[in-house]
file input-v3.txt (compact mmCIF, C-alpha atoms)
# COMPACT_ATOMS: atom_id res chain seq x y z
CA MET A 848 -28.83 13.34 -33.97
CA ALA A 849 -27.25 9.88 -33.94
CA TYR A 850 -24.08 11.50 -32.67
CA GLN A 851 -25.89 13.20 -29.83
CA LYS A 852 -27.66 9.98 -28.89
CA GLY A 853 -24.29 8.25 -28.83
CA MET A 854 -22.84 10.91 -26.54
CA GLU A 855 -25.80 10.58 -24.20
CA THR A 856 -25.37 6.82 -24.03
CA LYS A 857 -21.64 7.18 -23.32
CA THR A 858 -22.31 9.66 -20.53
CA LYS A 859 -24.97 7.40 -19.07
CA ILE A 860 -22.59 4.42 -19.13
CA LEU A 861 -19.81 6.45 -17.52
CA LYS A 862 -22.06 7.69 -14.72
CA GLY A 863 -23.45 4.23 -14.07
CA SER A 864 -20.03 2.60 -14.10
CA LYS A 865 -18.63 5.15 -11.70
CA LYS A 866 -21.51 4.50 -9.35
CA LEU A 867 -20.96 0.74 -9.46
CA PHE A 868 -17.16 0.95 -9.27
CA LEU A 869 -17.52 2.99 -6.10
CA THR A 870 -20.18 0.87 -4.44
CA GLU A 871 -19.26 -2.62 -5.67
CA GLY A 872 -15.57 -2.17 -6.45
CA PHE A 873 -13.72 -2.41 -9.74
CA THR A 874 -13.31 -6.19 -9.93
CA LYS A 875 -16.91 -7.06 -9.09
CA SER A 876 -18.44 -4.54 -11.52
CA THR A 877 -18.66 -6.61 -14.68
CA PHE A 878 -20.11 -5.23 -17.93
CA LYS A 879 -23.05 -7.55 -17.30
CA LYS A 880 -23.74 -5.93 -13.92
CA ILE A 881 -23.29 -2.42 -15.29
CA GLY A 882 -25.71 -3.30 -18.11
CA GLU A 883 -28.28 -4.63 -15.66
CA TYR A 884 -27.91 -1.60 -13.42
CA LEU A 885 -28.45 0.78 -16.37
CA ASN A 886 -31.02 -1.46 -17.99
CA ILE A 887 -29.08 -1.61 -21.27
CA ASN A 888 -27.51 -4.43 -23.23
CA SER A 889 -23.93 -4.94 -22.04
CA ASN A 890 -22.79 -5.21 -25.68
CA LEU A 891 -23.45 -1.50 -25.90
CA ILE A 892 -20.83 -0.93 -23.19
CA THR A 893 -18.35 -3.06 -25.11
CA TYR A 894 -19.19 -1.07 -28.24
CA TYR A 895 -18.35 2.27 -26.63
CA PHE A 896 -15.57 1.33 -24.22
CA SER A 897 -14.02 -1.98 -25.41
CA ASN A 898 -13.06 -3.09 -21.92
CA LYS A 899 -13.40 -2.30 -18.26
CA LYS A 900 -9.95 -0.78 -17.99
CA THR A 901 -10.89 1.94 -20.46
CA LEU A 902 -13.98 2.69 -18.46
CA ALA A 903 -11.99 2.81 -15.22
CA LYS A 904 -9.49 5.21 -16.77
CA TYR A 905 -12.25 7.72 -17.48
CA VAL A 906 -13.43 7.40 -13.90
CA LEU A 907 -9.89 7.87 -12.60
CA ILE A 908 -9.42 10.99 -14.70
CA ASP A 909 -12.69 12.35 -13.26
CA PHE A 910 -11.32 11.64 -9.80
CA PHE A 911 -8.09 13.51 -10.46
CA ASP A 912 -9.99 16.46 -11.93
CA ALA A 913 -12.18 16.73 -8.86
CA GLU A 914 -9.19 16.31 -6.56
CA ARG A 915 -7.35 19.01 -8.44
CA ASN A 916 -10.27 21.43 -8.05
CA LEU A 917 -10.22 20.78 -4.34
CA VAL A 918 -6.45 21.22 -4.08
CA ASP A 919 -6.75 24.52 -5.96
CA GLN A 920 -8.91 25.90 -3.17
CA TYR A 921 -6.08 25.40 -0.70
CA ILE A 922 -3.16 26.77 -2.67
CA LYS A 923 -2.15 30.30 -3.57
CA GLU A 924 0.00 31.42 -6.46
CA THR A 925 2.74 32.52 -4.07
CA TYR A 926 3.14 29.02 -2.66
CA SER A 927 6.33 27.15 -3.52
CA PRO A 928 6.19 23.90 -5.52
CA MET A 929 7.18 22.00 -2.37
CA LEU A 930 4.32 23.52 -0.39
CA THR A 931 1.86 22.82 -3.21
CA TYR A 932 3.09 19.25 -3.43
CA ALA A 933 2.72 18.74 0.33
CA ILE A 934 -0.81 20.17 0.31
CA ARG A 935 -1.75 17.93 -2.59
CA ASN A 936 -0.41 14.84 -0.80
CA ARG A 937 -2.30 15.66 2.40
CA ILE A 938 -5.55 16.17 0.52
CA HIS A 939 -5.04 13.07 -1.60
CA TYR A 940 -4.54 10.74 1.34
CA GLN A 941 -7.26 12.47 3.35
CA ILE A 942 -9.77 11.82 0.57
CA LEU A 943 -8.77 8.15 0.60
CA ALA A 944 -8.91 7.96 4.40
CA ASP A 945 -12.32 9.64 4.59
CA ASN A 946 -14.05 7.76 1.75
CA PRO A 947 -13.87 3.97 1.99
CA ASN A 948 -15.70 3.54 -1.34
CA ILE A 949 -13.23 5.76 -3.22
CA LEU A 950 -10.33 4.05 -1.46
CA ASN A 951 -11.53 0.60 -2.52
CA PHE A 952 -11.95 1.52 -6.15
CA TYR A 953 -8.73 3.51 -6.25
CA SER A 954 -6.71 0.71 -4.61
CA GLU A 955 -8.01 -1.85 -7.06
CA ALA A 956 -7.28 0.46 -9.99
CA VAL A 957 -3.75 1.16 -8.75
CA SER A 958 -3.10 -2.55 -8.16
CA ALA A 959 -4.29 -3.28 -11.69
CA GLY A 960 -1.69 -0.78 -12.93
CA LEU A 961 -4.30 1.53 -14.43
CA LEU A 962 -2.78 4.65 -12.95
CA HIS A 963 0.40 4.27 -14.97
CA ASN A 964 -1.47 4.65 -18.19
CA ILE A 965 -2.95 7.96 -17.23
CA PHE A 966 -0.74 9.55 -14.54
CA ASN A 967 1.80 10.46 -17.17
CA GLN A 968 -0.85 12.25 -19.19
CA ILE A 969 -2.43 14.38 -16.48
CA PRO A 970 -1.16 17.91 -17.20
CA TYR A 971 -1.53 19.04 -13.60
CA ILE A 972 0.65 16.19 -12.30
CA LYS A 973 3.28 16.79 -14.98
CA LYS A 974 3.28 20.50 -14.18
CA MET A 975 3.81 19.78 -10.49
CA TYR A 976 7.04 18.00 -11.35
CA SER A 977 8.30 20.49 -13.88
CA ASP A 978 7.59 23.34 -11.43
CA PHE A 979 9.94 21.68 -8.99
CA PHE A 980 12.79 21.63 -11.47
CA ALA A 981 12.18 25.21 -12.55
CA TYR A 982 11.90 26.62 -9.01
CA TYR A 983 14.62 24.86 -7.07
CA ASP A 984 18.22 24.77 -8.04
CA VAL A 985 18.30 21.03 -8.67
CA LYS A 986 20.19 18.99 -11.15
CA LYS A 987 17.56 17.31 -13.29
CA GLU A 988 19.51 14.16 -13.74
CA TYR A 989 16.70 11.68 -14.22
CA GLU A 990 13.79 11.29 -16.60
CA ASP A 991 10.40 12.45 -15.29
CA SER A 992 9.17 8.91 -15.78
CA TYR A 993 11.61 7.65 -13.13
CA PHE A 994 9.95 9.83 -10.53
CA ILE A 995 6.48 8.88 -11.65
CA TYR A 996 7.31 5.18 -11.26
CA LEU A 997 8.75 5.90 -7.86
CA GLU A 998 5.67 7.82 -6.74
CA LEU A 999 3.24 5.27 -8.10
CA GLY A 1000 5.31 2.40 -6.77
CA SER A 1001 5.33 3.82 -3.26
CA GLU A 1002 1.64 4.57 -3.47
CA ARG A 1003 0.80 1.06 -4.59
CA GLU A 1004 2.67 -0.47 -1.67
CA ILE A 1005 1.02 1.92 0.73
CA LEU A 1006 -2.46 1.13 -0.51
CA LEU A 1007 -1.65 -2.57 -0.25
CA HIS A 1008 -0.10 -2.52 3.21
CA PHE A 1009 -1.23 0.48 5.23
CA LYS A 1010 -4.59 0.87 6.87
CA PRO A 1011 -6.46 4.11 6.04
CA GLU A 1012 -6.05 5.23 9.66
CA MET A 1013 -2.38 5.66 8.84
CA TYR A 1014 -2.97 8.06 5.97
CA ASN A 1015 -3.25 11.12 8.13
CA ASP A 1016 -0.49 10.12 10.48
CA GLU A 1017 2.08 12.91 10.42
CA THR A 1018 5.10 10.58 10.18
CA PHE A 1019 3.52 8.80 7.24
CA ILE A 1020 2.78 12.07 5.42
CA ARG A 1021 6.31 13.31 6.07
CA PHE A 1022 7.79 10.09 4.73
CA ILE A 1023 5.74 9.92 1.57
CA THR A 1024 6.14 13.64 0.88
CA SER A 1025 9.92 13.62 1.35
CA ILE A 1026 10.87 10.91 -1.12
CA PHE A 1027 10.74 12.83 -4.36
CA PRO A 1028 12.00 16.25 -3.11
CA LEU A 1029 15.00 14.76 -1.28
CA LEU A 1030 15.88 12.71 -4.32
CA VAL A 1031 16.14 15.79 -6.52
CA GLY A 1032 18.25 17.53 -3.91
CA ILE A 1033 15.87 19.93 -2.17
CA PRO A 1034 17.36 20.50 1.31
CA ASN A 1035 15.71 18.62 4.14
CA THR A 1036 15.21 21.89 6.06
CA VAL A 1037 13.11 23.26 3.17
CA VAL A 1038 11.12 20.04 2.95
CA LEU A 1039 10.37 20.03 6.68
CA GLU A 1040 9.47 23.72 6.79
CA GLU A 1041 7.01 23.44 3.90
CA LEU A 1042 5.54 20.29 5.41
CA LYS A 1043 4.90 22.28 8.60
CA GLN A 1044 3.25 25.06 6.60
CA SER A 1045 1.08 22.59 4.73
CA LYS A 1046 -0.07 21.15 8.03
CA LEU A 1047 -1.34 24.54 9.15
CA ILE A 1048 -3.06 25.16 5.82
CA CYS A 1049 -4.72 21.74 5.86
CA SER A 1050 -5.62 21.68 9.55
CA ASN A 1051 -8.88 19.92 10.34
CA LEU A 1052 -9.43 18.64 6.83
CA ASN A 1053 -12.60 16.63 6.66
CA LEU A 1054 -13.19 15.38 3.17
CA SER A 1055 -15.91 12.82 3.79
CA GLN A 1056 -18.23 14.97 1.64
CA PHE A 1057 -15.88 14.75 -1.35
CA THR A 1058 -17.55 13.48 -4.50
CA PHE A 1059 -16.65 13.37 -8.16
CA MET J 837 12.34 -43.65 7.70
CA ALA J 838 8.97 -42.13 6.81
CA TYR J 839 10.37 -38.77 7.84
CA GLN J 840 13.38 -39.13 5.61
CA LYS J 841 11.20 -40.20 2.70
CA GLY J 842 9.08 -37.10 3.25
CA MET J 843 12.14 -34.86 3.25
CA GLU J 844 13.35 -36.43 0.03
CA THR J 845 9.98 -35.86 -1.64
CA LYS J 846 9.90 -32.24 -0.48
CA THR J 847 13.39 -31.62 -1.85
CA LYS J 848 12.48 -33.28 -5.11
CA ILE J 849 9.36 -31.11 -5.43
CA LEU J 850 11.31 -27.95 -4.65
CA LYS J 851 13.98 -28.72 -7.23
CA GLY J 852 11.43 -29.57 -9.89
CA SER J 853 9.33 -26.51 -9.18
CA LYS J 854 12.34 -24.24 -9.34
CA LYS J 855 13.24 -25.72 -12.70
CA LEU J 856 9.74 -25.20 -14.07
CA PHE J 857 9.30 -21.73 -12.55
CA LEU J 858 12.49 -20.65 -14.30
CA THR J 859 11.76 -22.22 -17.67
CA GLU J 860 7.98 -21.86 -17.88
CA GLY J 861 7.37 -18.95 -15.54
CA PHE J 862 5.48 -18.78 -12.27
CA THR J 863 1.94 -18.39 -13.66
CA LYS J 864 2.19 -21.20 -16.18
CA SER J 865 3.71 -23.74 -13.78
CA THR J 866 0.61 -25.32 -12.31
CA PHE J 867 0.77 -28.11 -9.71
CA LYS J 868 -0.50 -30.40 -12.46
CA LYS J 869 2.47 -29.53 -14.69
CA ILE J 870 4.96 -29.82 -11.85
CA GLY J 871 3.46 -33.24 -11.03
CA GLU J 872 3.76 -34.38 -14.62
CA TYR J 873 7.31 -33.12 -14.86
CA LEU J 874 8.32 -34.99 -11.70
CA ASN J 875 6.13 -37.96 -12.47
CA ILE J 876 4.30 -37.72 -9.16
CA ASN J 877 0.69 -37.12 -8.21
CA SER J 878 0.04 -33.40 -7.92
CA ASN J 879 -1.91 -34.02 -4.68
CA LEU J 880 1.45 -34.79 -3.11
CA ILE J 881 2.58 -31.25 -3.91
CA THR J 882 -0.56 -29.85 -2.32
CA TYR J 883 0.07 -32.07 0.71
CA TYR J 884 3.55 -30.67 1.27
CA PHE J 885 3.22 -27.07 0.09
CA SER J 886 -0.52 -26.17 0.18
CA ASN J 887 -0.27 -23.68 -2.67
CA LYS J 888 2.01 -22.35 -5.35
CA LYS J 889 2.85 -19.18 -3.45
CA THR J 890 4.42 -21.22 -0.66
CA LEU J 891 6.49 -23.08 -3.20
CA ALA J 892 7.56 -19.84 -4.87
CA LYS J 893 8.60 -18.38 -1.53
CA TYR J 894 11.05 -21.22 -0.97
CA VAL J 895 12.46 -20.64 -4.44
CA LEU J 896 12.77 -16.90 -3.81
CA ILE J 897 14.59 -17.51 -0.54
CA ASP J 898 17.01 -19.80 -2.42
CA PHE J 899 17.54 -17.01 -4.91
CA PHE J 900 18.35 -14.46 -2.21
CA ASP J 901 20.72 -16.90 -0.50
CA ALA J 902 22.62 -17.46 -3.72
CA GLU J 903 22.66 -13.76 -4.49
CA ARG J 904 23.97 -13.02 -1.04
CA ASN J 905 26.81 -15.52 -1.45
CA LEU J 906 27.74 -13.79 -4.66
CA VAL J 907 27.56 -10.31 -3.11
CA ASP J 908 29.78 -11.51 -0.25
CA GLN J 909 32.56 -12.21 -2.75
CA TYR J 910 32.60 -8.56 -3.75
CA ILE J 911 32.48 -6.88 -0.35
CA LYS J 912 35.06 -6.46 2.37
CA GLU J 913 34.48 -5.89 6.05
CA THR J 914 35.93 -2.40 5.77
CA TYR J 915 33.32 -1.29 3.24
CA SER J 916 30.71 1.20 4.40
CA PRO J 917 27.03 0.24 4.45
CA MET J 918 26.44 2.60 1.53
CA LEU J 919 29.13 0.90 -0.54
CA THR J 920 27.82 -2.55 0.35
CA TYR J 921 24.31 -1.46 -0.57
CA ALA J 922 25.46 -0.08 -3.92
CA ILE J 923 27.39 -3.27 -4.74
CA ARG J 924 24.36 -5.36 -3.82
CA ASN J 925 22.10 -3.30 -6.09
CA ARG J 926 24.50 -3.54 -9.03
CA ILE J 927 24.79 -7.30 -8.66
CA HIS J 928 21.04 -7.73 -8.15
CA TYR J 929 20.08 -5.91 -11.33
CA GLN J 930 22.95 -7.46 -13.27
CA ILE J 931 21.68 -10.94 -12.41
CA LEU J 932 18.24 -9.94 -13.67
CA ALA J 933 19.66 -8.35 -16.81
CA ASP J 934 21.86 -11.35 -17.62
CA ASN J 935 19.33 -14.11 -16.93
CA PRO J 936 16.01 -13.77 -18.75
CA ASN J 937 14.60 -16.87 -17.06
CA ILE J 938 15.35 -15.59 -13.56
CA LEU J 939 14.02 -12.16 -14.53
CA ASN J 940 10.72 -13.64 -15.73
CA PHE J 941 10.14 -15.67 -12.62
CA TYR J 942 11.28 -12.89 -10.31
CA SER J 943 9.07 -10.27 -12.02
CA GLU J 944 6.03 -12.49 -11.78
CA ALA J 945 6.75 -13.23 -8.13
CA VAL J 946 7.23 -9.54 -7.34
CA SER J 947 4.05 -8.60 -9.20
CA ALA J 948 2.16 -11.21 -7.23
CA GLY J 949 3.39 -9.51 -4.05
CA LEU J 950 5.32 -12.58 -2.88
CA LEU J 951 8.45 -10.64 -2.04
CA HIS J 952 6.70 -8.70 0.71
CA ASN J 953 6.04 -11.83 2.65
CA ILE J 954 9.67 -12.81 2.78
CA PHE J 955 11.77 -9.66 2.27
CA ASN J 956 11.05 -8.60 5.81
CA GLN J 957 12.32 -11.92 7.11
CA ILE J 958 15.60 -12.17 5.29
CA PRO J 959 18.23 -11.46 7.96
CA TYR J 960 20.78 -10.18 5.47
CA ILE J 961 18.37 -7.56 4.06
CA LYS J 962 17.31 -6.47 7.53
CA LYS J 963 20.96 -6.19 8.57
CA MET J 964 21.74 -4.03 5.55
CA TYR J 965 19.21 -1.49 6.76
CA SER J 966 20.16 -1.58 10.41
CA ASP J 967 23.84 -1.18 9.46
CA PHE J 968 22.92 2.07 7.75
CA PHE J 969 21.35 3.49 10.86
CA ALA J 970 24.20 2.38 13.07
CA TYR J 971 26.99 3.69 10.80
CA TYR J 972 25.69 7.03 9.60
CA ASP J 973 24.53 9.80 11.83
CA VAL J 974 20.93 9.67 10.67
CA LYS J 975 17.72 10.27 12.49
CA LYS J 976 15.83 7.03 12.33
CA GLU J 977 12.47 8.64 12.09
CA TYR J 978 10.58 5.98 10.18
CA GLU J 979 9.81 2.32 10.66
CA ASP J 980 11.99 -0.15 8.77
CA SER J 981 8.84 -1.37 7.05
CA TYR J 982 8.37 2.05 5.39
CA PHE J 983 11.71 1.68 3.63
CA ILE J 984 11.03 -1.89 2.66
CA TYR J 985 7.74 -0.88 1.03
CA LEU J 986 9.52 1.93 -0.74
CA GLU J 987 12.26 -0.37 -2.03
CA LEU J 988 9.88 -3.08 -3.12
CA GLY J 989 7.47 -0.59 -4.61
CA SER J 990 10.18 0.99 -6.74
CA GLU J 991 11.46 -2.42 -7.76
CA ARG J 992 8.02 -3.59 -8.79
CA GLU J 993 7.50 -0.56 -11.03
CA ILE J 994 10.94 -1.01 -12.54
CA LEU J 995 10.37 -4.64 -13.34
CA LEU J 996 7.03 -3.73 -14.87
CA HIS J 997 8.19 -0.80 -16.96
CA PHE J 998 11.93 -0.94 -17.67
CA LYS J 999 13.56 -3.21 -20.18
CA PRO J 1000 16.46 -5.34 -18.83
CA GLU J 1001 18.87 -3.37 -21.04
CA MET J 1002 18.24 -0.46 -18.66
CA TYR J 1003 19.33 -2.36 -15.56
CA ASN J 1004 22.99 -1.69 -16.01
CA ASP J 1005 22.55 1.85 -17.17
CA GLU J 1006 24.54 4.05 -14.79
CA THR J 1007 21.80 6.69 -14.41
CA PHE J 1008 19.32 3.99 -13.54
CA ILE J 1009 21.60 2.43 -10.95
CA ARG J 1010 22.33 5.84 -9.43
CA PHE J 1011 18.63 6.63 -9.21
CA ILE J 1012 17.55 3.38 -7.64
CA THR J 1013 20.50 3.33 -5.24
CA SER J 1014 19.99 6.92 -4.07
CA ILE J 1015 16.37 6.71 -2.95
CA PHE J 1016 16.78 5.09 0.43
CA PRO J 1017 20.10 6.70 1.49
CA LEU J 1018 18.98 10.24 0.62
CA LEU J 1019 15.74 9.70 2.46
CA VAL J 1020 17.53 8.85 5.70
CA GLY J 1021 19.77 11.89 5.31
CA ILE J 1022 23.06 10.49 4.02
CA PRO J 1023 24.75 13.37 2.15
CA ASN J 1024 24.54 13.23 -1.62
CA THR J 1025 28.34 13.55 -1.87
CA VAL J 1026 28.76 10.35 0.17
CA VAL J 1027 26.16 8.56 -1.94
CA LEU J 1028 27.83 9.58 -5.20
CA GLU J 1029 31.34 8.73 -3.99
CA GLU J 1030 30.33 5.24 -2.85
CA LEU J 1031 28.43 4.69 -6.07
CA LYS J 1032 31.63 5.52 -7.97
CA GLN J 1033 33.59 3.07 -5.82
CA SER J 1034 31.03 0.34 -6.35
CA LYS J 1035 31.31 0.85 -10.09
CA LEU J 1036 35.03 0.14 -9.97
CA ILE J 1037 34.54 -2.91 -7.77
CA CYS J 1038 31.81 -4.29 -10.03
CA SER J 1039 33.43 -3.44 -13.35
CA ASN J 1040 32.79 -5.94 -16.12
CA LEU J 1041 30.29 -7.98 -14.15
CA ASN J 1042 29.03 -10.84 -16.22
CA LEU J 1043 26.57 -12.91 -14.27
CA SER J 1044 25.04 -14.99 -17.02
CA GLN J 1045 26.50 -18.07 -15.29
CA PHE J 1046 24.63 -17.31 -12.08
CA THR J 1047 22.53 -20.22 -10.84
CA PHE J 1048 20.73 -21.06 -7.64
call {"tool": "encode", "arguments": {"input": "input-v3.txt", "output": "C-alpha cells"}}
result
Amino acid sequence: MAYQKGMETKTKILKGSKKLFLTEGFTKSTFKKIGEYLNINSNLITYYFSNKKTLAKYVLIDFFDAERNLVDQYIKETYSPMLTYAIRNRIHYQILADNPNILNFYSEAVSAGLLHNIFNQIPYIKKMYSDFFAYYDVKKEYEDSYFIYLELGSEREILLHFKPEMYNDETFIRFITSIFPLLVGIPNTVVLEELKQSKLICSNLNLSQFTF
Amino acid sequence: MAYQKGMETKTKILKGSKKLFLTEGFTKSTFKKIGEYLNINSNLITYYFSNKKTLAKYVLIDFFDAERNLVDQYIKETYSPMLTYAIRNRIHYQILADNPNILNFYSEAVSAGLLHNIFNQIPYIKKMYSDFFAYYDVKKEYEDSYFIYLELGSEREILLHFKPEMYNDETFIRFITSIFPLLVGIPNTVVLEELKQSKLICSNLNLSQFTF
C-alpha cells in the first residue's frame, strides 16, 4: 500500500515536472515551483528524485520513447540502416522545429549535458549504430562512444546556433545526416540516394501535434 | 600620455588575467581576484574589459597566435591542406595533453562557448578551410559556419569526456582529423596517407614548454 502510494506520488511528480519543463523551461522550473504547481512539499520531490537533472532525464527518456514510436510508423523492416537513420533525423528536427516548448526544454537539457548520460543507454539509439556496422561493409575502427560524442556535439552546436527555421532546410538535413555515415565509409552516393528516399517518405511532415 | 598610461594598464590587466586564468582557471578568476593579484581596483578591469568573457577572448586569441607560430615551424609551403590540417590537430591536442593548466582554462572557455565568438574571426583558421576547398576537387555545398560548428562541437565533447592521455592516441587523432575532410569528399586514402605523413613530421612532440 505504501509502495503503491509512493509510485503514485512519483508519477504525479514526473507528470507535473514535464508540464513545467515544457512550459517554463528547465532552468526556471525549480523544485519549489514544481511543488507549488502540484501542491506538494518540494522536499518530497527531493526525496524521490534527488535533483532536477534526474527528473529531467526521466522526461528526456519519455521524449525519446515517444519519438521512437513516431519514427517506427515511418520505417519498414526492408529499409536500410542509412534510410532509417535519415528518417529519424528528419523527424527529430521536425519535432523540434514544430514545437517551440519541446525545443526550449530539449536545448536546455542538451546544453546542460544531460543527453550524454542517457543517450548511451537508449537501446534504440545503440541499435541504430550497430545496425550500420552490421549492414554496410565498413571498418569499425572507432568506439561507439566516439560517434555518440560527435553526434551530440554537433547537435549541441546546432541547437545553440541555428534557428528552428533551419531545421527542415534540405542542406542542413543533408549535412547533419552525412557526418556519421561518411565517417564510417559509407559511399556518398548511397548517403545521397537514401537521403532522397527519406525525403519522399517524410514529405509534408507536420509534427506540431506531437506530444509525449 | 593618458593614452599611453591606458595602454599600459590594459596590457598589465591582460597579462595578470592570463596568469590567473591559467593557474586558477577561468571560473575561479573573478575580477576581484585579478584586482587583488595586480594590486589595482577591480573597477578598473571592468572599465577596460566590461566582463570576464571579453578578457578571456583576448587570452584565447593569444593562445591561437602562439599555437599558429608553433604550427608554422612544422609545415612547409609544399604541404597539402590536408597535411597542414593534420599537423595542426596533432600539435593542438599535444599542447592540451602536455599542459594541464592550458587544458583547464581552454576547456572552461570552450564549455562557456567563448570559442565560437572568435574561431570564426581567426584568419588562419578561416584560411585553413578555404585552402581545402581551393586545393581539392570538392563540392562546397555547405556554409563554412557548418564546419566550424561541427569542429567546435566535436572538440567540446572531447574536452568534456576524454582524458588528456587520449589526446595523443593515434585512433583518436585519426578520428578527429577525418571528420571534416571526409565530409567534404576528400578520399579516405588521401586522408590516411596525409595522417601518416603528419605522424612522421610530428614524431616525438613534447610541448610541455609551450607558453603564450
call {"tool": "closest_atom_pairs", "arguments": {"input": "input-v3.txt", "of": "chain A", "to": "chain J", "cutoff": "6 Å", "atoms": "only C-alpha atoms", "output": "Markdown table"}}
result
| residue | atom | partner | partner_atom | distance |
| --- | --- | --- | --- | --- |
| A:Tyr996 | CA | J:Glu993 | CA | 5.7 |
| A:Leu997 | CA | J:Ser990 | CA | 5.2 |
| A:Gly1000 | CA | J:Gly989 | CA | 4.3 |
| A:Ser1001 | CA | J:Gly989 | CA | 5.1 |
| A:Glu1004 | CA | J:Gly989 | CA | 5.6 |
call {"tool": "residues_around", "arguments": {"input": "input-v3.txt", "residues": "segment 924-934 of chain A", "least_positions_apart": "2", "cutoff": "7 Å", "atoms": "all atoms listed in the file", "output": "number ranges by chain"}}
result
A: 922, 936-938, 975, 978-979, 1024, 1038, 1041-1042, 1045, 1049
call {"tool": "residues_near_point", "arguments": {"input": "input-v3.txt", "point": "(-14.8, 2.6, 3.6)", "cutoff": "12 Å", "atoms": "only C-alpha atoms", "output": "VMD selection string"}}
result
chain A and resid 869 to 872 942 to 954 1010 to 1012 1055
call {"tool": "atom_distance", "arguments": {"input": "input-v3.txt", "atom1": "atom CA of Ile908 of chain A", "atom2": "atom CA of Lys862 of chain A"}}
result
13.1 Å
call {"tool": "closest_residue", "arguments": {"input": "input-v3.txt", "among": "A:Asn916, A:Gly853, A:Tyr940, A:Thr874", "to": "Asn1015 of chain A", "atoms": "all atoms listed in the file"}}
result
A:Tyr940
call {"tool": "atom_distance", "arguments": {"input": "input-v3.txt", "atom1": "atom CA of Phe900 of chain J", "atom2": "atom CA of Ile958 of chain J"}}
result
8.3 Å
call {"tool": "atom_distance", "arguments": {"input": "input-v3.txt", "atom1": "atom CA of Thr877 of chain A", "atom2": "atom CA of Lys899 of chain A"}}
result
7.7 Å
call {"tool": "axis_aligned_box", "arguments": {"input": "input-v3.txt", "around": "segment 890-905 of chain A", "padding_each_side": "4 Å", "output": "JSON"}}
result
{"center_x": -16.5, "center_y": 1.3, "center_z": -21.7, "size_x": 22.0, "size_y": 20.9, "size_z": 21.0}
call {"tool": "decode", "arguments": {"input": "input-v3.txt", "residues": "segment 1011-1027 of chain A", "atoms": "N, CA and C atoms", "output": "CSV table (one decimal), in the first residue's frame"}}
result
chain,number,residue,atom,x,y,z
A,1011,PRO,N,15.3,27.5,-35.5
A,1011,PRO,CA,14.4,26.4,-35.8
A,1011,PRO,C,14.0,26.3,-37.3
A,1012,GLU,N,13.9,27.5,-37.9
A,1012,GLU,CA,13.5,27.6,-39.3
A,1012,GLU,C,14.5,26.8,-40.2
A,1013,MET,N,15.7,26.7,-39.7
A,1013,MET,CA,16.8,26.0,-40.4
A,1013,MET,C,16.6,24.5,-40.4
A,1014,TYR,N,15.9,24.0,-39.4
A,1014,TYR,CA,15.9,22.5,-39.1
A,1014,TYR,C,15.2,21.7,-40.2
A,1015,ASN,N,14.4,22.3,-41.0
A,1015,ASN,CA,13.9,21.5,-42.1
A,1015,ASN,C,14.4,22.0,-43.5
A,1016,ASP,N,15.5,22.7,-43.4
A,1016,ASP,CA,16.2,23.1,-44.6
A,1016,ASP,C,16.9,21.9,-45.2
A,1017,GLU,N,16.8,21.6,-46.5
A,1017,GLU,CA,17.3,20.4,-47.0
A,1017,GLU,C,18.9,20.3,-46.9
A,1018,THR,N,19.6,21.4,-47.1
A,1018,THR,CA,21.0,21.4,-47.0
A,1018,THR,C,21.5,21.1,-45.6
A,1019,PHE,N,20.7,21.6,-44.6
A,1019,PHE,CA,21.0,21.4,-43.2
A,1019,PHE,C,20.9,19.9,-42.9
A,1020,ILE,N,19.7,19.3,-43.3
A,1020,ILE,CA,19.4,17.9,-43.0
A,1020,ILE,C,20.5,17.0,-43.7
A,1021,ARG,N,20.9,17.4,-44.9
A,1021,ARG,CA,21.9,16.6,-45.6
A,1021,ARG,C,23.2,16.6,-44.9
A,1022,PHE,N,23.6,17.8,-44.4
A,1022,PHE,CA,24.8,18.0,-43.7
A,1022,PHE,C,24.8,17.1,-42.4
A,1023,ILE,N,23.8,17.3,-41.6
A,1023,ILE,CA,23.8,16.6,-40.3
A,1023,ILE,C,23.7,15.1,-40.5
A,1024,THR,N,23.0,14.7,-41.5
A,1024,THR,CA,22.8,13.3,-41.7
A,1024,THR,C,24.0,12.6,-42.4
A,1025,SER,N,24.9,13.4,-43.0
A,1025,SER,CA,26.0,12.8,-43.7
A,1025,SER,C,27.2,12.5,-42.8
A,1026,ILE,N,27.3,13.2,-41.7
A,1026,ILE,CA,28.6,13.2,-40.9
A,1026,ILE,C,28.9,11.8,-40.5
A,1027,PHE,N,28.1,11.1,-39.8
A,1027,PHE,CA,28.4,9.8,-39.2
A,1027,PHE,C,28.6,8.8,-40.4
